[in-house]
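> As input, take structure32.txt (compact mmCIF, C-alpha atoms):
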```txt
# COMPACT_ATOMS: atom_id res chain seq x y z
CA MET A 1 25.94 -10.15 16.78
CA ILE A 2 26.59 -7.78 19.64
CA SER A 3 28.63 -8.81 22.67
CA GLU A 4 27.08 -10.32 25.78
CA LYS A 5 28.06 -7.16 27.65
CA GLN A 6 26.20 -4.94 25.18
CA PHE A 7 23.21 -7.29 25.17
CA ASN A 8 22.95 -7.15 28.97
CA LYS A 9 23.21 -3.37 28.79
CA GLU A 10 20.25 -3.36 26.39
CA LEU A 11 18.24 -5.43 28.86
CA GLN A 12 18.96 -3.04 31.72
CA LEU A 13 17.92 -0.09 29.56
CA ILE A 14 14.65 -1.86 28.72
CA ILE A 15 13.92 -2.55 32.39
CA ALA A 16 14.77 0.96 33.57
CA ASN A 17 12.68 2.61 30.86
CA ALA A 18 9.72 0.27 31.32
CA ILE A 19 9.62 0.81 35.09
CA ARG A 20 9.94 4.56 34.55
CA GLU A 21 7.05 4.45 32.09
CA ASP A 22 4.80 2.28 34.24
CA VAL A 23 5.54 3.40 37.80
CA GLY A 24 6.30 7.12 37.44
CA ASP A 25 6.29 8.74 40.89
CA GLY A 26 4.74 5.68 42.51
CA ASP A 27 2.34 2.75 42.30
CA HIS A 28 -0.39 4.63 44.11
CA SER A 29 -2.88 1.75 43.91
CA SER A 30 -0.57 -0.37 46.06
CA LEU A 31 0.67 2.49 48.21
CA ALA A 32 -2.92 3.41 49.06
CA CYS A 33 -4.03 0.05 50.45
CA ILE A 34 -1.02 -2.18 51.16
CA PRO A 35 1.33 -1.45 54.10
CA ASP A 36 5.04 -1.02 53.36
CA SER A 37 5.77 -3.97 55.64
CA ALA A 38 3.32 -6.39 54.00
CA THR A 39 4.79 -9.49 52.39
CA GLY A 40 3.21 -11.98 50.06
CA LYS A 41 3.72 -14.67 47.45
CA ALA A 42 2.54 -14.96 43.85
CA LYS A 43 2.73 -17.57 41.10
CA LEU A 44 3.27 -17.15 37.38
CA LEU A 45 0.35 -19.13 35.97
CA VAL A 46 0.32 -20.43 32.39
CA LYS A 47 -3.08 -20.36 30.69
CA ASP A 48 -1.97 -21.41 27.21
CA THR A 49 0.20 -23.93 25.36
CA GLY A 50 3.58 -23.39 23.75
CA VAL A 51 7.16 -22.54 24.66
CA ILE A 52 7.71 -20.48 27.80
CA ALA A 53 10.20 -17.63 27.53
CA GLY A 54 11.22 -14.68 29.66
CA ILE A 55 11.71 -16.37 33.03
CA ASP A 56 15.33 -15.23 33.22
CA PHE A 57 14.26 -11.74 32.21
CA ALA A 58 11.55 -11.75 34.91
CA LYS A 59 14.23 -12.54 37.48
CA GLN A 60 16.16 -9.46 36.34
CA VAL A 61 13.04 -7.30 36.60
CA PHE A 62 12.26 -8.48 40.14
CA LYS A 63 15.88 -7.89 41.17
CA TYR A 64 15.81 -4.37 39.68
CA VAL A 65 12.60 -3.51 41.54
CA ASP A 66 13.62 -5.14 44.83
CA GLU A 67 16.74 -7.26 45.26
CA ASN A 68 15.16 -8.91 48.31
CA LEU A 69 12.44 -10.62 46.29
CA LYS A 70 12.90 -14.40 46.14
CA ILE A 71 12.20 -16.51 43.03
CA GLU A 72 11.45 -20.22 43.11
CA GLU A 73 11.71 -21.53 39.54
CA LEU A 74 9.65 -24.54 38.53
CA LEU A 75 10.31 -24.20 34.79
CA LYS A 76 13.08 -22.80 32.64
CA ASP A 77 13.12 -20.81 29.42
CA GLY A 78 12.46 -23.05 26.44
CA ASP A 79 10.26 -25.55 28.26
CA MET A 80 7.03 -26.66 26.63
CA VAL A 81 4.03 -25.62 28.73
CA GLU A 82 0.29 -26.16 28.87
CA HIS A 83 -2.66 -24.61 30.66
CA GLY A 84 -2.28 -24.84 34.43
CA ASP A 85 1.50 -25.01 34.60
CA ILE A 86 3.30 -22.75 37.09
CA ALA A 87 6.54 -21.21 35.87
CA PHE A 88 7.74 -19.79 39.19
CA TYR A 89 6.80 -18.36 42.56
CA VAL A 90 7.94 -14.92 43.71
CA SER A 91 7.82 -13.88 47.34
CA GLY A 92 8.70 -10.83 49.40
CA SER A 93 7.34 -7.28 49.60
CA SER A 94 3.78 -7.21 48.27
CA GLN A 95 4.27 -3.69 46.96
CA SER A 96 7.41 -4.74 45.06
CA ILE A 97 5.72 -7.75 43.49
CA LEU A 98 2.89 -5.55 42.22
CA LYS A 99 5.29 -2.91 40.94
CA ALA A 100 7.07 -5.49 38.79
CA GLU A 101 3.97 -7.46 37.77
CA ARG A 102 2.96 -5.75 34.54
CA LEU A 103 6.45 -5.53 33.05
CA VAL A 104 7.06 -9.21 33.83
CA LEU A 105 3.76 -10.25 32.23
CA ASN A 106 4.06 -8.00 29.18
CA ALA A 107 7.57 -9.25 28.46
CA MET A 108 6.93 -12.92 29.13
CA GLN A 109 3.67 -13.02 27.16
CA ARG A 110 5.34 -11.59 24.06
CA MET A 111 8.60 -13.51 24.44
CA SER A 112 6.70 -16.77 24.89
CA ALA A 113 4.63 -16.09 21.76
CA ILE A 114 7.78 -15.44 19.72
CA ALA A 115 9.54 -18.51 21.12
CA THR A 116 6.48 -20.64 20.35
CA LYS A 117 6.24 -19.42 16.75
CA THR A 118 9.97 -19.84 16.23
CA ASN A 119 9.82 -23.38 17.59
CA PHE A 120 7.01 -24.14 15.15
CA PHE A 121 9.10 -22.92 12.20
CA VAL A 122 12.13 -24.87 13.44
CA GLY A 123 9.95 -27.98 13.40
CA LEU A 124 8.92 -27.33 9.81
CA LEU A 125 12.61 -27.20 8.82
CA LYS A 126 13.61 -30.36 10.66
CA GLY A 127 15.91 -32.58 8.60
CA THR A 128 16.68 -29.98 5.92
CA GLY A 129 19.82 -28.41 7.39
CA THR A 130 18.29 -24.95 6.92
CA LYS A 131 18.13 -22.61 9.90
CA ILE A 132 15.53 -19.94 10.68
CA LEU A 133 16.61 -16.33 11.20
CA ASP A 134 14.82 -13.33 12.63
CA THR A 135 15.05 -9.80 11.18
CA ARG A 136 15.12 -6.17 12.36
CA LYS A 137 11.31 -6.07 12.11
CA THR A 138 10.99 -5.84 15.87
CA THR A 139 9.07 -3.70 18.33
CA PRO A 140 11.02 -0.44 18.91
CA GLY A 141 12.63 -0.38 22.32
CA ILE A 142 12.43 -4.10 23.12
CA ARG A 143 14.44 -5.68 20.31
CA ALA A 144 16.75 -7.46 22.75
CA LEU A 145 13.80 -9.28 24.31
CA GLU A 146 12.35 -10.35 20.99
CA LYS A 147 15.65 -11.59 19.61
CA TRP A 148 16.33 -13.41 22.89
CA ALA A 149 12.95 -15.12 22.50
CA VAL A 150 13.87 -16.30 18.99
CA LYS A 151 16.98 -17.97 20.41
CA ILE A 152 14.92 -19.59 23.18
CA GLY A 153 12.59 -20.98 20.51
CA GLY A 154 15.49 -22.60 18.66
CA GLY A 155 16.04 -19.99 15.95
CA GLU A 156 19.08 -17.87 15.21
CA ASN A 157 19.57 -14.13 15.28
CA HIS A 158 20.33 -12.13 12.17
CA ARG A 159 22.31 -8.95 12.87
CA PHE A 160 21.14 -7.15 15.98
CA ALA A 161 21.09 -3.67 14.48
CA LEU A 162 22.60 -1.48 11.80
CA TYR A 163 25.97 -1.33 13.52
CA ASP A 164 26.99 -4.97 13.88
CA MET A 165 26.82 -6.21 10.28
CA ILE A 166 26.78 -4.80 6.75
CA MET A 167 23.66 -5.59 4.75
CA LEU A 168 23.47 -4.12 1.27
CA LYS A 169 19.85 -4.13 0.15
CA ASP A 170 18.17 -2.80 -2.99
CA ASN A 171 18.12 0.84 -1.87
CA HIS A 172 21.79 0.79 -0.81
CA ILE A 173 22.70 -0.69 -4.19
CA ASP A 174 20.63 1.80 -6.16
CA PHE A 175 21.85 4.80 -4.14
CA ALA A 176 25.47 3.63 -4.50
CA GLY A 177 25.19 3.43 -8.28
CA GLY A 178 25.12 -0.33 -8.72
CA LEU A 179 25.88 -3.66 -7.14
CA THR A 180 29.63 -3.91 -7.71
CA LYS A 181 30.12 -0.27 -6.74
CA ALA A 182 28.23 -0.82 -3.49
CA ILE A 183 30.35 -3.86 -2.60
CA ASN A 184 33.65 -2.17 -3.49
CA LYS A 185 32.75 0.99 -1.57
CA THR A 186 31.80 -1.14 1.42
CA LYS A 187 35.12 -3.00 1.39
CA ALA A 188 36.99 0.30 1.17
CA TYR A 189 34.95 1.75 4.04
CA LEU A 190 35.66 -1.24 6.28
CA LYS A 191 39.38 -1.05 5.51
CA GLU A 192 39.55 2.70 6.12
CA THR A 193 37.65 2.54 9.40
CA GLY A 194 39.30 -0.65 10.68
CA ARG A 195 35.98 -2.40 11.17
CA ASP A 196 35.60 -6.16 10.92
CA LEU A 197 31.98 -6.58 9.85
CA LYS A 198 30.46 -9.36 7.78
CA ILE A 199 28.88 -8.35 4.46
CA ILE A 200 25.49 -9.61 3.31
CA VAL A 201 24.26 -8.58 -0.13
CA GLU A 202 20.73 -8.81 -1.47
CA ALA A 203 20.16 -10.20 -4.97
CA ARG A 204 17.02 -9.47 -6.94
CA ASN A 205 17.66 -11.83 -9.86
CA LEU A 206 20.08 -14.45 -11.13
CA GLY A 207 22.13 -11.83 -12.94
CA GLU A 208 22.83 -10.10 -9.63
CA ILE A 209 23.75 -13.47 -8.09
CA LYS A 210 26.47 -13.83 -10.74
CA GLU A 211 27.68 -10.27 -10.14
CA ILE A 212 27.90 -10.75 -6.38
CA ILE A 213 29.88 -14.01 -6.54
CA ALA A 214 32.36 -12.29 -8.85
CA SER A 215 33.29 -10.12 -5.86
CA GLU A 216 35.41 -11.49 -3.04
CA GLY A 217 34.57 -11.14 0.62
CA VAL A 218 30.77 -11.45 0.67
CA TYR A 219 29.68 -13.50 3.70
CA ARG A 220 26.11 -14.29 2.67
CA ILE A 221 23.85 -13.66 -0.31
CA LEU A 222 20.23 -12.79 0.38
CA ILE A 223 18.15 -14.49 -2.30
CA ASP A 224 15.17 -12.19 -2.05
CA ASN A 225 11.70 -12.91 -3.42
CA PHE A 226 12.85 -15.69 -5.76
CA ASN A 227 10.56 -18.55 -6.78
CA TYR A 228 11.57 -22.14 -6.05
CA GLU A 229 13.15 -22.81 -9.44
CA ASP A 230 15.28 -19.68 -9.42
CA THR A 231 16.26 -20.28 -5.79
CA ARG A 232 17.63 -23.70 -6.76
CA LYS A 233 19.50 -22.09 -9.66
CA ALA A 234 20.90 -19.41 -7.36
CA VAL A 235 22.14 -22.00 -4.85
CA ALA A 236 23.81 -23.92 -7.69
CA LEU A 237 25.48 -20.75 -9.00
CA ILE A 238 26.77 -19.81 -5.56
CA ASN A 239 28.01 -23.39 -5.08
CA GLY A 240 29.33 -22.88 -1.55
CA LYS A 241 31.31 -19.71 -2.32
CA CYS A 242 29.36 -18.04 0.49
CA LEU A 243 26.32 -18.71 2.65
CA THR A 244 22.81 -18.38 1.26
CA GLU A 245 19.60 -16.96 2.70
CA SER A 246 16.08 -16.93 1.32
CA SER A 247 13.59 -14.23 2.31
CA GLY A 248 10.50 -12.43 1.16
CA GLY A 249 6.97 -13.52 1.97
CA ILE A 250 7.95 -17.02 3.09
CA ASN A 251 5.36 -18.56 5.41
CA GLU A 252 4.53 -21.87 7.08
CA LYS A 253 3.12 -23.23 3.80
CA THR A 254 6.20 -22.45 1.69
CA ILE A 255 9.13 -22.56 4.12
CA ARG A 256 9.84 -26.28 3.71
CA ALA A 257 9.96 -26.03 -0.08
CA TYR A 258 12.42 -23.13 0.10
CA ALA A 259 14.59 -25.07 2.54
CA GLU A 260 14.62 -28.01 0.13
CA CYS A 261 16.13 -25.69 -2.49
CA GLY A 262 19.34 -25.97 -0.44
CA VAL A 263 19.63 -22.56 1.25
CA ASP A 264 21.54 -22.27 4.52
CA TYR A 265 19.09 -19.84 6.13
CA ILE A 266 15.56 -18.56 5.79
CA SER A 267 14.73 -15.22 7.41
CA SER A 268 11.24 -14.33 8.57
CA GLY A 269 10.02 -11.04 9.98
CA ALA A 270 6.84 -12.82 11.05
CA LEU A 271 8.70 -14.41 13.97
CA THR A 272 8.60 -11.06 15.75
CA HIS A 273 5.98 -8.90 14.05
CA SER A 274 3.07 -11.33 13.74
CA VAL A 275 2.48 -13.17 17.01
CA TYR A 276 -0.33 -13.45 19.56
CA ASN A 277 0.74 -13.11 23.17
CA MET A 278 0.70 -16.22 25.32
CA ASP A 279 -1.90 -16.00 28.08
CA LEU A 280 -0.09 -15.72 31.43
CA SER A 281 -1.11 -14.36 34.84
CA LEU A 282 0.61 -13.47 38.08
CA LYS A 283 -1.70 -14.56 40.90
CA ALA A 284 -1.38 -14.06 44.65
CA VAL A 285 -1.25 -17.29 46.64
```
Produce structure tokens that represent the structure in this file.

Amino acid sequence: MISEKQFNKELQLIIANAIREDVGDGDHSSLACIPDSATGKAKLLVKDTGVIAGIDFAKQVFKYVDENLKIEELLKDGDMVEHGDIAFYVSGSSQSILKAERLVLNAMQRMSAIATKTNFFVGLLKGTGTKILDTRKTTPGIRALEKWAVKIGGGENHRFALYDMIMLKDNHIDFAGGLTKAINKTKAYLKETGRDLKIIVEARNLGEIKEIIASEGVYRILIDNFNYEDTRKAVALINGKCLTESSGGINEKTIRAYAECGVDYISSGALTHSVYNMDLSLKAV
């Protein structure tokens, strides 16, 4: 994964771009009817059930908009919430609170939905030793928020982007002229460029599993779109030589059975691309 420094840089880019997009040359609704000197207080009201996420991000947004805004936290990221809970109070310039409102709500509603779904999947895997991973199937421009939400929900992050891990999938393998060629070319590339990146390789059948484990230096094998029986066979063939990951159309009805095949990880794009926002409001008090 990327460094904490790079992750924080991503967050600041998200905030700056979102405020630019939403505020433009001014929040004229507020400027028109609220004096510059007016102060107020608002609460973040939960109107749903699940795992709350994005409180720490909201604090960064408020600070970016107006460093004089004060936050009183009643909950923390990862807490279970229900209808009527209050996550925090924010007080200070009324104009500043309103300027930050929509970005805070948009981010927290989506992050909380992702954290809630991830937590649900984590519960389904309880006792198996298998961990849930996200993917790169994220909303363009806010990947850092969505992957942060997965962590808050108890899941783990896959690679952040194309630059922090090698992942040889079917198209890479076919374009490279075959599985072994793709792996060998990758090792040579990493050596020539002085990069220390982990290598994940996708397998489409048991024959490719055998070919991958014949190569040294593969960090994890992606057992993609296998049925239960072949997944168990793949895990037995790999036999601890590297980590294992199942993927491909796995849902809440099948995830437990795949975990019981003995894989180390299960990846699911649905954690980030198929969620319904948690209902939250920012209300003046």
> In Å, rounded to a single decimal, give me how far atom CA of Met111 of chain A is from atom CA of Tyr89 of chain A.
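Distance reported for this atom pair: 18.8 Å.
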> One decimal, in Å: what's the spacing between atom CA of Asn239 of chain A and atom CA of Ile221 of chain A?
11.6 Å
> Do you have, as JSON lines, the list of residues of segment 152-199 of chain A lying at most 10 Å from segment 254-271 of chain A, each with its nearest atom pair and that distance in Å to one decimal, counting only C-alpha atoms and ordered by chain then number?

```
{"residue": "A:Gly155", "atom": "CA", "partner": "A:Leu271", "partner_atom": "CA", "distance": 9.4}
{"residue": "A:Glu156", "atom": "CA", "partner": "A:Tyr265", "partner_atom": "CA", "distance": 9.3}
{"residue": "A:Asn157", "atom": "CA", "partner": "A:Ser267", "partner_atom": "CA", "distance": 9.3}
{"residue": "A:His158", "atom": "CA", "partner": "A:Ser267", "partner_atom": "CA", "distance": 8.0}
```
> Hey, can you check how far atom CA of Val51 of chain A sits from atom CA of Ile114 of chain A?
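Separating atom CA of Val51 of chain A from atom CA of Ile114 of chain A is a distance of 8.7 Å.
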> Find the residue from A:Val201, A:Leu190, A:Ala236, A:Ala182 that sits nearest to Ile223 of chain A; use all atoms listed in the file when measuring.
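Among the listed residues, the smallest separation from Ile223 of chain A belongs to A:Val201.
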> When you look at His172 of chain A with a cut-off of 12 Å (counting all atoms listed in the file), what residues show up, excluding the ones that are within fewer than 5 positions of it in the same chain? I need them as a ChimeraX atom specification.
/A:166-167,177-183,185-186,200-203
> Closest to Leu69 of chain A among A:Asn251, A:Asn8, A:Gln95, A:Thr231, using all atoms listed in the file?
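Smallest separation from Leu69 of chain A among the options: A:Gln95.
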> Using all atoms listed in the file, which of A:Glu146, A:Arg136, A:Asn184, A:Gly123 sits nearest Tyr163 of chain A?
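Smallest separation from Tyr163 of chain A among the options: A:Arg136.
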> With only C-alpha atoms as the basis for distance, which of A:Glu208, A:Asp170, A:Glu10, A:Glu101 is at the shortest distance from Val65 of chain A?
A:Glu101
> At most 9 Å from (15.5, -2.0, 28.2), file frame, all atoms listed in the file: which residues, as a JSON list (two decimals) with C-alpha atoms, in the coordinates of the input?

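So the final result, stored in result.json, reads:
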```
[["chain", "number", "residue", "atom", "x", "y", "z"],
["A", 9, "LYS", "CA", 23.21, -3.37, 28.79],
["A", 10, "GLU", "CA", 20.25, -3.36, 26.39],
["A", 11, "LEU", "CA", 18.24, -5.43, 28.86],
["A", 12, "GLN", "CA", 18.96, -3.04, 31.72],
["A", 13, "LEU", "CA", 17.92, -0.09, 29.56],
["A", 14, "ILE", "CA", 14.65, -1.86, 28.72],
["A", 15, "ILE", "CA", 13.92, -2.55, 32.39],
["A", 16, "ALA", "CA", 14.77, 0.96, 33.57],
["A", 17, "ASN", "CA", 12.68, 2.61, 30.86],
["A", 18, "ALA", "CA", 9.72, 0.27, 31.32],
["A", 141, "GLY", "CA", 12.63, -0.38, 22.32],
["A", 142, "ILE", "CA", 12.43, -4.10, 23.12],
["A", 143, "ARG", "CA", 14.44, -5.68, 20.31],
["A", 144, "ALA", "CA", 16.75, -7.46, 22.75],
["A", 145, "LEU", "CA", 13.80, -9.28, 24.31]]
```
> Can you work out which one of A:Ile250, A:Leu44, A:Ile52, A:Val122 has the shortest atom-to-atom distance to Val90 of chain A, counting all atoms listed in the file?
A:Leu44
> With all heavy atoms as the target, complete segment 60-71 of chain A and hand it back as a PDB file, in the coordinates of the input.

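Saved file rebuild06.pdb follows:
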```pdb
ATOM      1  N   GLN A  60      15.440 -10.740  36.371  1.00  0.00           N
ATOM      2  CA  GLN A  60      16.160  -9.460  36.340  1.00  0.00           C
ATOM      3  C   GLN A  60      15.250  -8.298  36.714  1.00  0.00           C
ATOM      4  O   GLN A  60      15.675  -7.356  37.385  1.00  0.00           O
ATOM      5  CB  GLN A  60      16.758  -9.241  34.942  1.00  0.00           C
ATOM      6  CG  GLN A  60      17.865 -10.210  34.569  1.00  0.00           C
ATOM      7  CD  GLN A  60      18.527  -9.867  33.252  1.00  0.00           C
ATOM      8  OE1 GLN A  60      18.781  -8.705  32.947  1.00  0.00           O
ATOM      9  NE2 GLN A  60      18.803 -10.880  32.441  1.00  0.00           N
ATOM     10  N   VAL A  61      14.001  -8.361  36.273  1.00  0.00           N
ATOM     11  CA  VAL A  61      13.040  -7.300  36.600  1.00  0.00           C
ATOM     12  C   VAL A  61      12.791  -7.268  38.103  1.00  0.00           C
ATOM     13  O   VAL A  61      12.836  -6.204  38.737  1.00  0.00           O
ATOM     14  CB  VAL A  61      11.706  -7.507  35.854  1.00  0.00           C
ATOM     15  CG1 VAL A  61      10.660  -6.497  36.340  1.00  0.00           C
ATOM     16  CG2 VAL A  61      11.910  -7.383  34.354  1.00  0.00           C
ATOM     17  N   PHE A  62      12.522  -8.422  38.693  1.00  0.00           N
ATOM     18  CA  PHE A  62      12.260  -8.480  40.140  1.00  0.00           C
ATOM     19  C   PHE A  62      13.470  -7.966  40.927  1.00  0.00           C
ATOM     20  O   PHE A  62      13.313  -7.239  41.912  1.00  0.00           O
ATOM     21  CB  PHE A  62      11.922  -9.906  40.558  1.00  0.00           C
ATOM     22  CG  PHE A  62      10.552 -10.358  40.148  1.00  0.00           C
ATOM     23  CD1 PHE A  62      10.361 -11.544  39.433  1.00  0.00           C
ATOM     24  CD2 PHE A  62       9.420  -9.615  40.481  1.00  0.00           C
ATOM     25  CE1 PHE A  62       9.099 -11.963  39.057  1.00  0.00           C
ATOM     26  CE2 PHE A  62       8.141 -10.029  40.118  1.00  0.00           C
ATOM     27  CZ  PHE A  62       7.985 -11.211  39.401  1.00  0.00           C
ATOM     28  N   LYS A  63      14.669  -8.338  40.472  1.00  0.00           N
ATOM     29  CA  LYS A  63      15.880  -7.890  41.170  1.00  0.00           C
ATOM     30  C   LYS A  63      16.029  -6.378  41.066  1.00  0.00           C
ATOM     31  O   LYS A  63      16.440  -5.711  42.019  1.00  0.00           O
ATOM     32  CB  LYS A  63      17.107  -8.584  40.581  1.00  0.00           C
ATOM     33  CG  LYS A  63      18.410  -8.226  41.288  1.00  0.00           C
ATOM     34  CD  LYS A  63      19.592  -8.988  40.709  1.00  0.00           C
ATOM     35  CE  LYS A  63      20.884  -8.621  41.433  1.00  0.00           C
ATOM     36  NZ  LYS A  63      22.060  -9.348  40.859  1.00  0.00           N
ATOM     37  N   TYR A  64      15.709  -5.816  39.876  1.00  0.00           N
ATOM     38  CA  TYR A  64      15.810  -4.370  39.680  1.00  0.00           C
ATOM     39  C   TYR A  64      14.840  -3.635  40.602  1.00  0.00           C
ATOM     40  O   TYR A  64      15.188  -2.616  41.205  1.00  0.00           O
ATOM     41  CB  TYR A  64      15.500  -4.024  38.218  1.00  0.00           C
ATOM     42  CG  TYR A  64      15.555  -2.550  37.894  1.00  0.00           C
ATOM     43  CD1 TYR A  64      16.729  -1.953  37.471  1.00  0.00           C
ATOM     44  CD2 TYR A  64      14.407  -1.757  38.000  1.00  0.00           C
ATOM     45  CE1 TYR A  64      16.780  -0.604  37.167  1.00  0.00           C
ATOM     46  CE2 TYR A  64      14.439  -0.405  37.708  1.00  0.00           C
ATOM     47  CZ  TYR A  64      15.635   0.171  37.297  1.00  0.00           C
ATOM     48  OH  TYR A  64      15.682   1.522  37.006  1.00  0.00           O
ATOM     49  N   VAL A  65      13.626  -4.154  40.712  1.00  0.00           N
ATOM     50  CA  VAL A  65      12.600  -3.510  41.540  1.00  0.00           C
ATOM     51  C   VAL A  65      12.907  -3.676  43.026  1.00  0.00           C
ATOM     52  O   VAL A  65      12.767  -2.736  43.820  1.00  0.00           O
ATOM     53  CB  VAL A  65      11.210  -4.093  41.201  1.00  0.00           C
ATOM     54  CG1 VAL A  65      10.165  -3.638  42.213  1.00  0.00           C
ATOM     55  CG2 VAL A  65      10.798  -3.662  39.795  1.00  0.00           C
ATOM     56  N   ASP A  66      13.355  -4.858  43.417  1.00  0.00           N
ATOM     57  CA  ASP A  66      13.620  -5.140  44.830  1.00  0.00           C
ATOM     58  C   ASP A  66      14.531  -6.368  44.915  1.00  0.00           C
ATOM     59  O   ASP A  66      14.080  -7.493  44.674  1.00  0.00           O
ATOM     60  CB  ASP A  66      12.299  -5.410  45.565  1.00  0.00           C
ATOM     61  CG  ASP A  66      12.476  -5.629  47.060  1.00  0.00           C
ATOM     62  OD1 ASP A  66      13.617  -5.841  47.522  1.00  0.00           O
ATOM     63  OD2 ASP A  66      11.446  -5.618  47.772  1.00  0.00           O
ATOM     64  N   GLU A  67      15.779  -6.153  45.251  1.00  0.00           N
ATOM     65  CA  GLU A  67      16.740  -7.260  45.260  1.00  0.00           C
ATOM     66  C   GLU A  67      16.444  -8.284  46.353  1.00  0.00           C
ATOM     67  O   GLU A  67      17.039  -9.367  46.374  1.00  0.00           O
ATOM     68  CB  GLU A  67      18.161  -6.734  45.429  1.00  0.00           C
ATOM     69  CG  GLU A  67      18.428  -5.972  46.692  1.00  0.00           C
ATOM     70  CD  GLU A  67      19.844  -5.440  46.759  1.00  0.00           C
ATOM     71  OE1 GLU A  67      20.531  -5.414  45.719  1.00  0.00           O
ATOM     72  OE2 GLU A  67      20.265  -5.047  47.864  1.00  0.00           O
ATOM     73  N   ASN A  68      15.518  -7.974  47.246  1.00  0.00           N
ATOM     74  CA  ASN A  68      15.160  -8.910  48.310  1.00  0.00           C
ATOM     75  C   ASN A  68      14.048  -9.886  47.921  1.00  0.00           C
ATOM     76  O   ASN A  68      13.735 -10.802  48.681  1.00  0.00           O
ATOM     77  CB  ASN A  68      14.745  -8.150  49.577  1.00  0.00           C
ATOM     78  CG  ASN A  68      15.903  -7.402  50.204  1.00  0.00           C
ATOM     79  OD1 ASN A  68      17.004  -7.930  50.340  1.00  0.00           O
ATOM     80  ND2 ASN A  68      15.672  -6.141  50.573  1.00  0.00           N
ATOM     81  N   LEU A  69      13.450  -9.687  46.757  1.00  0.00           N
ATOM     82  CA  LEU A  69      12.440 -10.620  46.290  1.00  0.00           C
ATOM     83  C   LEU A  69      13.089 -11.977  45.996  1.00  0.00           C
ATOM     84  O   LEU A  69      14.197 -12.049  45.457  1.00  0.00           O
ATOM     85  CB  LEU A  69      11.747 -10.097  45.038  1.00  0.00           C
ATOM     86  CG  LEU A  69      10.823  -8.894  45.221  1.00  0.00           C
ATOM     87  CD1 LEU A  69      10.326  -8.396  43.873  1.00  0.00           C
ATOM     88  CD2 LEU A  69       9.647  -9.228  46.136  1.00  0.00           C
ATOM     89  N   LYS A  70      12.386 -13.046  46.331  1.00  0.00           N
ATOM     90  CA  LYS A  70      12.900 -14.400  46.140  1.00  0.00           C
ATOM     91  C   LYS A  70      12.107 -15.108  45.033  1.00  0.00           C
ATOM     92  O   LYS A  70      10.878 -15.047  45.013  1.00  0.00           O
ATOM     93  CB  LYS A  70      12.796 -15.215  47.428  1.00  0.00           C
ATOM     94  CG  LYS A  70      13.484 -14.568  48.633  1.00  0.00           C
ATOM     95  CD  LYS A  70      14.987 -14.456  48.419  1.00  0.00           C
ATOM     96  CE  LYS A  70      15.668 -13.860  49.658  1.00  0.00           C
ATOM     97  NZ  LYS A  70      17.109 -13.622  49.432  1.00  0.00           N
ATOM     98  N   ILE A  71      12.826 -15.793  44.141  1.00  0.00           N
ATOM     99  CA  ILE A  71      12.200 -16.510  43.030  1.00  0.00           C
ATOM    100  C   ILE A  71      12.433 -18.003  43.202  1.00  0.00           C
ATOM    101  O   ILE A  71      13.566 -18.446  43.396  1.00  0.00           O
ATOM    102  CB  ILE A  71      12.767 -16.066  41.673  1.00  0.00           C
ATOM    103  CG1 ILE A  71      12.824 -14.541  41.568  1.00  0.00           C
ATOM    104  CG2 ILE A  71      11.950 -16.673  40.532  1.00  0.00           C
ATOM    105  CD1 ILE A  71      11.496 -13.863  41.648  1.00  0.00           C
TER     106      ILE A  71
END
```
